[in-house]
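Asker: This is final15.cif (mmCIF, C-alpha atoms and all ligand atoms).
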data_data
#
loop_
_atom_site.label_atom_id
_atom_site.label_comp_id
_atom_site.auth_asym_id
_atom_site.auth_seq_id
_atom_site.Cartn_x
_atom_site.Cartn_y
_atom_site.Cartn_z
CA MET Z 10 147.71 199.61 125.62
CA SER Z 11 144.40 198.41 127.03
CA LEU Z 12 142.96 195.14 125.82
CA GLN Z 13 140.22 197.06 124.00
CA GLU Z 14 142.88 199.03 122.16
CA LEU Z 15 144.75 195.81 121.32
CA ILE Z 16 141.52 194.36 119.91
CA ASP Z 17 140.90 197.41 117.72
CA ALA Z 18 144.51 197.44 116.52
CA LEU Z 19 144.27 193.79 115.57
CA ARG Z 20 141.10 194.40 113.57
CA THR Z 21 142.73 197.32 111.74
CA SER Z 22 145.83 195.33 110.90
CA PHE Z 23 143.74 192.36 109.73
CA ILE Z 24 141.64 194.52 107.40
CA GLN Z 25 144.80 196.16 106.13
CA GLU Z 26 146.53 192.83 105.44
CA LEU Z 27 143.42 191.30 103.89
CA SER Z 28 143.22 194.14 101.41
CA THR Z 29 146.65 193.23 100.04
CA THR Z 30 146.00 189.49 99.91
CA ILE Z 31 145.67 188.43 96.28
CA SER Z 32 145.97 184.65 96.26
CA VAL Z 33 144.25 181.71 97.94
CA LYS Z 34 147.62 180.64 99.25
CA ASP Z 35 148.30 184.01 100.94
CA LEU Z 36 144.81 184.02 102.35
CA ASP Z 37 145.50 180.67 103.90
CA SER Z 38 148.59 181.96 105.71
CA LEU Z 39 146.71 185.07 106.79
CA LYS Z 40 144.00 182.91 108.28
CA THR Z 41 146.53 180.83 110.20
CA LYS Z 42 148.28 183.98 111.39
CA TYR Z 43 145.07 185.40 112.92
CA LEU Z 44 142.89 182.40 113.71
CA GLY Z 45 145.42 179.61 114.21
CA LYS Z 46 146.10 177.90 117.54
CA LYS Z 47 149.09 180.18 118.07
CA GLY Z 48 147.42 183.04 116.20
CA SER Z 49 146.82 186.67 117.17
CA VAL Z 50 143.20 186.18 118.26
CA GLN Z 51 144.27 183.36 120.53
CA SER Z 52 146.90 185.64 122.15
CA LEU Z 53 144.19 188.23 122.84
CA MET Z 54 142.19 185.52 124.62
CA ALA Z 55 145.26 184.84 126.71
CA GLU Z 56 145.33 188.53 127.73
CA LEU Z 57 141.88 188.14 129.32
CA LYS Z 58 143.36 186.67 132.45
CA ASN Z 59 145.05 190.00 133.15
CA CYS Z 60 141.67 191.84 133.14
CA SER Z 61 139.44 192.38 136.12
CA PRO Z 62 136.78 189.65 136.49
CA ASP Z 63 133.88 192.04 135.76
CA GLU Z 64 135.44 193.22 132.49
CA ARG Z 65 136.18 189.69 131.30
CA PRO Z 66 132.75 188.57 129.96
CA HIS Z 67 132.34 191.82 128.04
CA LEU Z 68 135.84 191.78 126.51
CA GLY Z 69 135.61 188.03 125.91
CA LYS Z 70 132.52 188.63 123.83
CA ILE Z 71 134.23 191.40 121.85
CA ILE Z 72 137.15 189.07 121.07
CA ASN Z 73 134.72 186.32 120.00
CA ASP Z 74 132.91 188.77 117.76
CA LEU Z 75 136.23 189.78 116.23
CA LYS Z 76 137.03 186.13 115.64
CA GLU Z 77 133.72 185.62 113.83
CA GLU Z 78 134.24 188.79 111.86
CA ILE Z 79 137.69 187.64 110.72
CA THR Z 80 136.34 184.15 109.93
CA SER Z 81 133.57 185.49 107.75
CA HIS Z 82 135.95 187.93 106.00
CA CYS Z 83 138.24 184.97 105.25
CA GLU Z 84 135.37 182.87 103.91
CA ASN Z 85 134.13 185.63 101.62
CA SER Z 86 137.59 186.42 100.40
CA LEU Z 87 138.26 182.74 99.75
CA VAL Z 88 135.30 182.47 97.40
CA ARG Z 89 136.28 185.72 95.69
CA LEU Z 90 139.93 184.74 95.26
CA GLN Z 91 139.08 181.24 94.05
CA ASN Z 92 136.81 182.70 91.40
CA GLU Z 93 139.46 185.19 90.40
CA GLU Z 94 142.04 182.45 90.03
CA ILE Z 95 139.70 180.34 87.89
CA GLU Z 96 138.89 183.37 85.75
CA SER Z 97 142.51 184.20 85.19
CA ARG Z 98 143.39 180.59 84.28
CA LEU Z 99 140.48 180.49 81.87
CA THR Z 100 141.75 183.58 80.11
CA LYS Z 101 145.37 182.49 80.15
CA GLU Z 102 144.74 178.92 79.02
CA ALA Z 103 141.90 179.76 76.70
CA ILE Z 104 141.66 177.75 73.49
CA ASP Z 105 140.17 179.10 70.34
CA PRO Z 106 138.06 176.30 68.88
CA THR Z 107 137.74 178.20 65.63
CA LEU Z 108 141.49 177.99 64.90
CA PRO Z 109 142.42 175.41 62.25
CA GLY Z 110 143.96 172.25 63.75
CA ILE Z 111 147.51 171.02 63.22
CA LYS Z 112 147.42 168.69 60.25
CA GLN Z 113 148.95 165.27 60.81
CA ASN Z 114 150.72 164.05 57.71
CA LEU Z 115 150.21 160.33 57.32
CA GLY Z 116 153.23 158.35 56.22
CA ARG Z 117 153.00 156.05 53.22
CA ILE Z 118 154.63 152.83 52.23
CA HIS Z 119 157.44 153.36 49.73
CA PRO Z 120 156.39 152.50 46.14
CA ILE Z 121 159.09 149.82 45.93
CA GLN Z 122 157.86 148.21 49.12
CA GLN Z 123 154.27 148.43 47.88
CA MET Z 124 155.25 146.53 44.74
CA MET Z 125 157.22 143.96 46.75
CA ASP Z 126 154.23 143.42 49.02
CA LYS Z 127 151.98 142.95 46.01
CA ILE Z 128 154.32 140.42 44.38
CA VAL Z 129 154.90 138.53 47.63
CA ASP Z 130 151.17 138.38 48.15
CA ILE Z 131 150.56 136.87 44.70
CA LEU Z 132 153.34 134.30 45.09
CA ASN Z 133 152.30 133.36 48.61
CA GLY Z 134 148.95 132.58 47.11
CA MET Z 135 150.69 130.32 44.58
CA GLY Z 136 152.39 128.32 47.33
CA PHE Z 137 155.78 130.04 47.64
CA SER Z 138 157.10 130.89 51.07
CA VAL Z 139 159.27 133.91 51.78
CA LEU Z 140 162.95 133.63 52.62
CA THR Z 141 165.47 136.42 53.11
CA GLY Z 142 169.13 136.19 52.32
CA PRO Z 143 172.05 138.34 53.41
CA ASP Z 144 172.69 141.57 51.48
CA VAL Z 145 176.34 141.25 52.39
CA ASP Z 146 177.56 137.87 51.28
CA THR Z 147 180.64 136.02 50.09
CA GLU Z 148 181.99 135.57 46.60
CA TYR Z 149 180.92 131.94 46.84
CA TYR Z 150 177.20 132.53 47.41
CA ASN Z 151 176.92 135.37 44.90
CA PHE Z 152 178.99 133.82 42.10
CA GLU Z 153 180.80 130.53 42.53
CA GLY Z 154 177.91 128.60 44.08
CA LEU Z 155 175.84 129.81 41.14
CA ASN Z 156 178.19 128.32 38.58
CA PHE Z 157 179.92 131.54 37.62
CA ALA Z 158 183.41 130.42 36.54
CA PRO Z 159 186.10 132.60 38.17
CA ASP Z 160 186.93 134.53 35.00
CA HIS Z 161 183.69 134.21 33.13
CA PRO Z 162 182.63 137.53 31.55
CA ALA Z 163 179.22 137.16 33.21
CA ARG Z 164 180.93 138.36 36.39
CA ASP Z 165 181.80 141.64 34.71
CA MET Z 166 178.16 142.23 33.94
CA GLN Z 167 177.54 142.11 37.65
CA ASP Z 168 180.40 144.15 39.05
CA THR Z 169 179.85 144.98 42.68
CA PHE Z 170 181.38 146.54 45.78
CA TYR Z 171 183.95 144.33 47.42
CA LEU Z 172 184.45 144.52 51.17
CA GLU Z 173 187.14 143.00 53.37
CA ASN Z 174 187.37 139.28 54.17
CA ASP Z 175 186.00 138.00 50.87
CA LEU Z 176 182.71 139.82 51.46
CA LEU Z 177 180.77 141.73 48.83
CA LEU Z 178 177.39 143.37 48.35
CA ARG Z 179 175.23 140.86 46.53
CA THR Z 180 174.45 141.68 42.91
CA HIS Z 181 171.23 139.68 42.79
CA THR Z 182 168.88 137.76 45.05
CA SER Z 183 170.04 134.47 43.49
CA ASN Z 184 172.44 134.00 46.43
CA VAL Z 185 169.41 132.90 48.44
CA GLN Z 186 169.09 129.82 46.17
CA VAL Z 187 172.50 128.59 47.31
CA HIS Z 188 171.86 129.25 51.00
CA THR Z 189 168.48 127.55 50.80
CA MET Z 190 169.73 124.38 49.11
CA GLU Z 191 172.32 124.04 51.88
CA LYS Z 192 169.65 124.30 54.53
CA TYR Z 193 166.57 122.53 53.15
CA LYS Z 194 165.79 119.37 51.22
CA PRO Z 195 163.39 119.42 48.24
CA PRO Z 196 160.55 120.01 47.70
CA ILE Z 197 161.49 123.68 48.03
CA ARG Z 198 159.18 126.41 46.82
CA ALA Z 199 160.45 129.80 47.91
CA ILE Z 200 160.74 133.47 47.02
CA ALA Z 201 163.37 135.91 48.25
CA PRO Z 202 162.70 139.65 48.00
CA GLY Z 203 165.48 142.07 48.86
CA ARG Z 204 168.14 144.67 48.12
CA CYS Z 205 170.83 144.27 45.49
CA PHE Z 206 173.86 146.34 44.54
CA ARG Z 207 175.96 146.77 41.43
CA ASN Z 208 178.92 148.92 40.63
CA GLU Z 209 177.35 150.97 37.86
CA ASP Z 210 177.26 154.60 36.92
CA ILE Z 211 174.18 156.18 38.43
CA SER Z 212 171.86 157.55 35.77
CA ALA Z 213 168.16 157.85 35.05
CA ARG Z 214 168.15 154.21 33.98
CA SER Z 215 170.55 152.47 36.34
CA HIS Z 216 171.56 152.67 39.96
CA VAL Z 217 174.01 151.05 42.34
CA PHE Z 218 171.14 150.10 44.62
CA PHE Z 219 167.96 148.36 43.60
CA HIS Z 220 165.59 145.54 44.53
CA GLN Z 221 164.86 142.12 43.15
CA ILE Z 222 162.67 139.20 43.93
CA GLU Z 223 163.91 135.69 43.32
CA GLY Z 224 161.72 132.65 43.02
CA PHE Z 225 162.62 128.98 42.78
CA TYR Z 226 161.02 125.59 42.87
CA ILE Z 227 162.91 122.33 43.28
CA ASP Z 228 161.23 118.94 43.34
CA LYS Z 229 161.04 115.66 41.43
CA ASP Z 230 160.01 116.09 37.77
CA VAL Z 231 159.90 119.87 37.64
CA THR Z 232 159.88 120.78 33.94
CA PHE Z 233 160.31 123.76 31.68
CA ALA Z 234 156.55 123.63 31.08
CA ASP Z 235 156.03 124.15 34.84
CA LEU Z 236 158.28 127.20 34.66
CA MET Z 237 156.39 128.63 31.69
CA SER Z 238 152.96 128.10 33.19
CA THR Z 239 154.07 129.49 36.55
CA MET Z 240 155.39 132.64 34.81
CA GLU Z 241 152.18 133.04 32.82
CA GLU Z 242 150.05 132.67 35.91
CA PHE Z 243 152.22 134.98 38.00
CA LEU Z 244 152.48 137.72 35.36
CA SER Z 245 148.80 137.72 34.62
CA LYS Z 246 148.07 138.10 38.33
CA LEU Z 247 150.61 140.92 38.55
CA LEU Z 248 149.92 142.82 35.33
CA GLY Z 249 146.38 141.85 34.45
CA GLU Z 250 144.51 138.89 33.06
CA LYS Z 251 145.17 139.71 29.40
CA VAL Z 252 148.96 139.89 29.57
CA ILE Z 253 150.75 138.33 26.57
CA THR Z 254 154.13 136.75 27.29
CA ARG Z 255 157.16 136.01 25.14
CA PHE Z 256 159.94 133.61 26.13
CA ARG Z 257 163.33 134.45 24.68
CA PRO Z 258 166.48 132.31 25.04
CA SER Z 259 169.11 133.98 27.18
CA TYR Z 260 172.20 133.16 29.20
CA PHE Z 261 172.70 133.05 32.95
CA PRO Z 262 175.42 130.71 34.31
CA PHE Z 263 173.11 129.23 36.94
CA VAL Z 264 170.30 128.08 34.62
CA GLU Z 265 170.17 125.79 31.62
CA PRO Z 266 168.25 126.47 29.48
CA GLY Z 267 167.91 130.13 30.37
CA MET Z 268 165.50 132.68 29.06
CA GLU Z 269 164.16 136.15 29.39
CA VAL Z 270 160.45 136.71 29.76
CA ASP Z 271 158.88 139.70 28.03
CA VAL Z 272 155.30 140.89 28.08
CA ARG Z 273 153.42 142.77 25.38
CA CYS Z 274 153.80 146.46 26.21
CA THR Z 275 151.03 147.23 28.70
CA SER Z 276 151.01 150.84 27.57
CA CYS Z 277 150.73 150.67 23.74
CA LYS Z 278 149.51 147.04 23.57
CA GLY Z 279 152.31 146.26 21.13
CA SER Z 280 152.02 149.00 18.55
CA GLY Z 281 155.23 150.61 19.81
CA CYS Z 282 155.75 153.55 22.14
CA ARG Z 283 158.38 155.35 24.18
CA ILE Z 284 157.94 153.00 27.16
CA CYS Z 285 158.73 149.83 25.16
CA LYS Z 286 161.29 151.70 23.06
CA HIS Z 287 159.11 150.97 20.02
CA THR Z 288 159.61 147.23 20.22
CA GLY Z 289 156.13 146.42 21.48
CA TRP Z 290 157.63 144.28 24.27
CA LEU Z 291 158.77 144.87 27.84
CA GLU Z 292 161.58 142.82 29.37
CA ILE Z 293 160.31 141.66 32.72
CA LEU Z 294 162.49 138.91 34.17
CA GLY Z 295 165.19 136.30 33.76
CA ALA Z 296 164.45 132.64 34.33
CA GLY Z 297 165.47 129.09 33.56
CA MET Z 298 165.94 125.53 34.76
CA ILE Z 299 168.40 125.45 37.67
CA HIS Z 300 171.78 124.28 36.34
CA PRO Z 301 172.79 120.75 37.50
CA ASN Z 302 176.07 122.20 38.78
CA VAL Z 303 174.15 124.53 41.08
CA LEU Z 304 172.03 121.68 42.42
CA LYS Z 305 175.18 119.63 43.02
CA LYS Z 306 176.85 122.44 44.93
CA GLY Z 307 173.71 122.57 47.06
CA ASN Z 308 173.96 118.81 47.74
CA ILE Z 309 170.90 118.05 45.67
CA ASP Z 310 171.20 115.17 43.19
CA PRO Z 311 170.35 116.50 39.70
CA GLU Z 312 169.47 112.94 38.61
CA GLU Z 313 166.71 112.84 41.18
CA PHE Z 314 165.57 116.46 41.33
CA SER Z 315 165.11 119.36 38.97
CA GLY Z 316 164.00 122.91 39.49
CA PHE Z 317 163.37 126.28 37.96
CA ALA Z 318 164.27 129.77 39.09
CA TRP Z 319 163.51 133.29 38.07
CA GLY Z 320 164.51 136.77 39.18
CA MET Z 321 163.05 140.17 38.51
CA GLY Z 322 163.84 143.78 39.28
CA ILE Z 323 161.22 145.61 41.30
CA GLU Z 324 162.12 149.17 40.27
CA ARG Z 325 161.56 148.28 36.64
CA ILE Z 326 158.01 147.06 37.24
CA VAL Z 327 157.09 150.21 39.18
CA ILE Z 328 158.68 152.37 36.47
CA LEU Z 329 156.76 150.57 33.72
CA GLN Z 330 153.48 150.74 35.57
CA SER Z 331 153.61 154.37 36.57
CA GLY Z 332 155.74 155.95 33.84
CA ILE Z 333 158.41 157.20 36.25
CA PRO Z 334 161.18 158.71 34.11
CA ASP Z 335 164.12 158.34 36.50
CA ILE Z 336 165.18 155.49 38.80
CA ARG Z 337 166.98 157.94 41.10
CA LEU Z 338 163.62 159.25 42.29
CA PHE Z 339 163.19 156.11 44.41
CA THR Z 340 166.11 156.97 46.66
CA GLN Z 341 165.85 160.75 46.86
CA ASN Z 342 163.20 160.81 49.60
CA ASP Z 343 161.29 163.61 47.96
CA ILE Z 344 157.90 163.79 49.65
CA ARG Z 345 156.31 165.27 46.51
CA PHE Z 346 157.28 162.11 44.64
CA LEU Z 347 156.58 159.59 47.39
CA SER Z 348 153.19 161.00 48.33
CA GLN Z 349 151.84 160.19 44.88
CA PHE Z 350 151.83 156.49 45.73
CA THR Z 351 148.86 155.80 47.94
N1 LIG E 401 169.89 136.77 38.91
C1 LIG E 401 169.57 137.16 37.57
C2 LIG E 401 169.87 138.65 37.40
O1 LIG E 401 170.04 139.33 38.37
C3 LIG E 401 168.11 136.90 37.25
C4 LIG E 401 167.79 135.45 37.20
C5 LIG E 401 167.36 134.80 38.35
C6 LIG E 401 167.88 134.74 36.00
C7 LIG E 401 167.04 133.44 38.29
C8 LIG E 401 167.58 133.41 35.96
C9 LIG E 401 167.14 132.77 37.06
O2 LIG E 401 169.97 139.16 36.31
#
How does the structure come out when it is put into structure tokens?
Ligand code: PHE

Answerer:
Amino acid sequence: MSLQELIDALRTSFIQELSTTISVKDLDSLKTKYLGKKGSVQSLMAELKNCSPDERPHLGKIINDLKEEITSHCENSLVRLQNEEIESRLTKEAIDPTLPGIKQNLGRIHPIQQMMDKIVDILNGMGFSVLTGPDVDTEYYNFEGLNFAPDHPARDMQDTFYLENDLLLRTHTSNVQVHTMEKYKPPIRAIAPGRCFRNEDISARSHVFFHQIEGFYIDKDVTFADLMSTMEEFLSKLLGEKVITRFRPSYFPFVEPGMEVDVRCTSCKGSGCRICKHTGWLEILGAGMIHPNVLKKGNIDPEEFSGFAWGMGIERIVILQSGIPDIRLFTQNDIRFLSQFT
């Protein structure tokens, strides 16, 4: 084949190959194949030395023209292919801005936690600091250290789940009193919010798992009047300025005297309704002056110091305030229920 024929054949094969090139990447290889240092055009140049000297300038020019032709074909095709690739990506990855977005559901704080936060906030403001006690504790901290005699019937009222090694699930937050007296010297002014457990049949009104908040104040000359005024102040901040309280004698082994604090039914204002079971009053919490035996067990001299303590259930307050008919709702994780508490 003459050099001229080789040149023509190369052009034909280039045009042919270019027509089947459909990506920028392929075009790149095609370009290297023809125009690269070891490419086809370069090999044609090398053939020139086999031609007669008078043919050389003419054929050299033809090869150069071919090179320019191929170069410009490549440049045009590059622009075309790049545009095509952009177009196809735009179609493939197109977004429809008119489609509705994916709604993000915001989580909410559990109603029990909301109430705990509210109560803690009020009591922080009244000078109480927050302590947390263990949910799993020993017989001593839950009962004995709180002056529960080993076979006193009060223990039956707080039956719980017993674990191995003398451990149990605490039945109230009062265990924190005992731990705290061991660790700190008076004056002590603390609250302890947390989980409690009792071995009870689960029903609309009672559960094995619930929450309490404990509060206690130990110092010189703490009196029953301090307890009463603290309860009044606390309950009016929690339930509203106009709350009316009633103090009723009651028994807890770890206080003496002990009482229960009721408030005038916030729903019927005392005339009697379903919520207050037609008594006009709502039982809110248990309280009393810390029993000297409890102080002694905590290495605090009852001749020198006195204190008061109270404890209240959180579920009950939320139930009273929002008319929830069933305590089990708090632990069923039903979004329809939980999302009502914003
Ligand atoms: N711990 C008691 C209960 O769970 C409540 C209480 C706390 C009563 C502190 C008096 C003083 O019923």

Asker: Give me the residues near stretch 52-64 of chain Z as a ChimeraX atom specification, where near means some atom within 9 Å (using only C-alpha atoms) and where sequence neighbours in that chain fewer than 3 positions away do not count.

Answerer: /Z:12,15-16,47-49,67-69,72-73

Asker: Please dump the current selection as an mmCIF file, in the coordinates of the input; keep C-alpha atoms.

Answerer:
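Writing the result to result_26.cif gives the following:
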data_model
loop_
_atom_site.group_PDB
_atom_site.id
_atom_site.type_symbol
_atom_site.label_atom_id
_atom_site.label_comp_id
_atom_site.auth_asym_id
_atom_site.auth_seq_id
_atom_site.Cartn_x
_atom_site.Cartn_y
_atom_site.Cartn_z
ATOM 1 C CA LEU Z 12 142.960 195.140 125.820
ATOM 2 C CA LEU Z 15 144.750 195.810 121.320
ATOM 3 C CA ILE Z 16 141.520 194.360 119.910
ATOM 4 C CA LYS Z 47 149.090 180.180 118.070
ATOM 5 C CA GLY Z 48 147.420 183.040 116.200
ATOM 6 C CA SER Z 49 146.820 186.670 117.170
ATOM 7 C CA HIS Z 67 132.340 191.820 128.040
ATOM 8 C CA LEU Z 68 135.840 191.780 126.510
ATOM 9 C CA GLY Z 69 135.610 188.030 125.910
ATOM 10 C CA ILE Z 72 137.150 189.070 121.070
ATOM 11 C CA ASN Z 73 134.720 186.320 120.000
#

Asker: Hey, which of Z:Asn308, Z:Ser276, Z:Asn92, Z:Thr351 ends up closest to Z:Lys192? Count all atoms listed in the file.

Answerer: Z:Asn308

Asker: What are the nearest atom pairs, with distances in Å to one decimal, for all residues of stretch 179-209 of chain Z that come at most 9 Å from stretch 320-327 of chain Z, using all atoms listed in the file, set out by chain and rising residue number as a tab-separated table?

Answerer:
residue	atom	partner	partner_atom	distance
Z:His181	CA	Z:Gly320	CA	8.2
Z:Thr182	CA	Z:Gly320	CA	7.4
Z:Ser183	CA	Z:Gly320	CA	7.4

Asker: Save out the residues we just selected, C-alpha atoms, as a JSON list (two decimals), in the frame of the given file.

Answerer:
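Result written to result-v6.json:
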[["chain", "number", "residue", "atom", "x", "y", "z"],
["Z", 181, "HIS", "CA", 171.23, 139.68, 42.79],
["Z", 182, "THR", "CA", 168.88, 137.76, 45.05],
["Z", 183, "SER", "CA", 170.04, 134.47, 43.49]]

Asker: Residues of chain Z that approach ligand LIG 401 (chain E) to 7 Å or less, counting all atoms listed in the file: could you list each one with the shortest pair of atoms and its distance in Å to one decimal, rows by chain and increasing residue number, as JSON lines?

Answerer:
{"residue": "Z:Thr180", "atom": "CA", "partner": "E:LIG401", "partner_atom": "O1", "distance": 6.8}
{"residue": "Z:His181", "atom": "CA", "partner": "E:LIG401", "partner_atom": "O1", "distance": 4.6}
{"residue": "Z:Thr182", "atom": "CA", "partner": "E:LIG401", "partner_atom": "N1", "distance": 6.3}
{"residue": "Z:Ser183", "atom": "CA", "partner": "E:LIG401", "partner_atom": "N1", "distance": 5.1}
{"residue": "Z:Glu223", "atom": "CA", "partner": "E:LIG401", "partner_atom": "C5", "distance": 6.1}
{"residue": "Z:Phe261", "atom": "CA", "partner": "E:LIG401", "partner_atom": "C6", "distance": 5.9}
{"residue": "Z:Phe263", "atom": "CA", "partner": "E:LIG401", "partner_atom": "C9", "distance": 6.9}
{"residue": "Z:Val264", "atom": "CA", "partner": "E:LIG401", "partner_atom": "C8", "distance": 6.1}
{"residue": "Z:Gly267", "atom": "CA", "partner": "E:LIG401", "partner_atom": "C8", "distance": 6.5}
{"residue": "Z:Leu294", "atom": "CA", "partner": "E:LIG401", "partner_atom": "C3", "distance": 6.7}
{"residue": "Z:Gly295", "atom": "CA", "partner": "E:LIG401", "partner_atom": "C6", "distance": 3.8}
{"residue": "Z:Ala296", "atom": "CA", "partner": "E:LIG401", "partner_atom": "C8", "distance": 3.6}
{"residue": "Z:Gly297", "atom": "CA", "partner": "E:LIG401", "partner_atom": "C9", "distance": 5.3}
{"residue": "Z:Ala318", "atom": "CA", "partner": "E:LIG401", "partner_atom": "C9", "distance": 4.6}
{"residue": "Z:Trp319", "atom": "CA", "partner": "E:LIG401", "partner_atom": "C7", "distance": 3.5}
{"residue": "Z:Gly320", "atom": "CA", "partner": "E:LIG401", "partner_atom": "C5", "distance": 3.6}
{"residue": "Z:Met321", "atom": "CA", "partner": "E:LIG401", "partner_atom": "C3", "distance": 6.2}

Asker: With all atoms listed in the file as the counted atoms, please give the residues lying no more than 12 Å from Z:Gln122, apart from itself and same-chain residues fewer than 4 positions off, as a list in words.

Answerer: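 Here the answer would be Arg117, Ile118, Asp126, Lys127, Ile128, Val129, Asp130, Pro202, Gly203, Arg204, Phe219, His220, Gln221, Ile222, Ile323, Glu324, Ile326, Val327, Phe339, Leu347, Phe350 and Thr351 of chain Z.
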
Asker: Between atom CA of Z:Ile79 and atom CA of Z:Ile31, what is the distance in Å, rounded to a tenth?

Answerer: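 Between atom CA of Z:Ile79 and atom CA of Z:Ile31 the gap is 16.5 Å.
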
Asker: Using all atoms listed in the file, which residue out of Z:Gln123, Z:Ser348, Z:Ser32, Z:Ser280 lies closest to Z:Leu90?

Answerer: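 Checking each candidate against Z:Leu90, we get Z:Ser32 as the closest.
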
Asker: Which residues are close to Z:Val231, i.e. within 8 Å by all atoms listed in the file, leaving aside same-chain residues fewer than 2 positions away? Reply as an NGL selection string.

Answerer: :Z and (226-229 or 233 or 235 or 314-317)

Asker: Using the selection just defined, write its residues with C-alpha atoms as an mmCIF file, keeping the file's coordinate frame.

Answerer:
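So the final result, stored in out-v6.cif, reads:
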data_model
loop_
_atom_site.group_PDB
_atom_site.id
_atom_site.type_symbol
_atom_site.label_atom_id
_atom_site.label_comp_id
_atom_site.auth_asym_id
_atom_site.auth_seq_id
_atom_site.Cartn_x
_atom_site.Cartn_y
_atom_site.Cartn_z
ATOM 1 C CA TYR Z 226 161.020 125.590 42.870
ATOM 2 C CA ILE Z 227 162.910 122.330 43.280
ATOM 3 C CA ASP Z 228 161.230 118.940 43.340
ATOM 4 C CA LYS Z 229 161.040 115.660 41.430
ATOM 5 C CA PHE Z 233 160.310 123.760 31.680
ATOM 6 C CA ASP Z 235 156.030 124.150 34.840
ATOM 7 C CA PHE Z 314 165.570 116.460 41.330
ATOM 8 C CA SER Z 315 165.110 119.360 38.970
ATOM 9 C CA GLY Z 316 164.000 122.910 39.490
ATOM 10 C CA PHE Z 317 163.370 126.280 37.960
#

Asker: Near Z:Gln167, within 10 Å and counting all atoms listed in the file, which residues show up once chain neighbours fewer than 5 positions away are dropped, as a list in words?

Answerer: Asn151, Phe152, Pro162, Arg179, Thr180, His181, Phe206, Arg207, Asn208 and Glu209 of chain Z

Asker: Have a look at atom CA of Z:Pro301 and atom CA of Z:Pro195 and let me know their distance in Å, one decimal.

Answerer: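 Those two atoms sit 14.3 Å apart.
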
Asker: In Å, with one decimal, what is the gap from atom CA of Z:Thr288 to atom CA of Z:Arg337?

Answerer: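 So the two atoms, atom CA of Z:Thr288 and atom CA of Z:Arg337, lie 24.6 Å apart.
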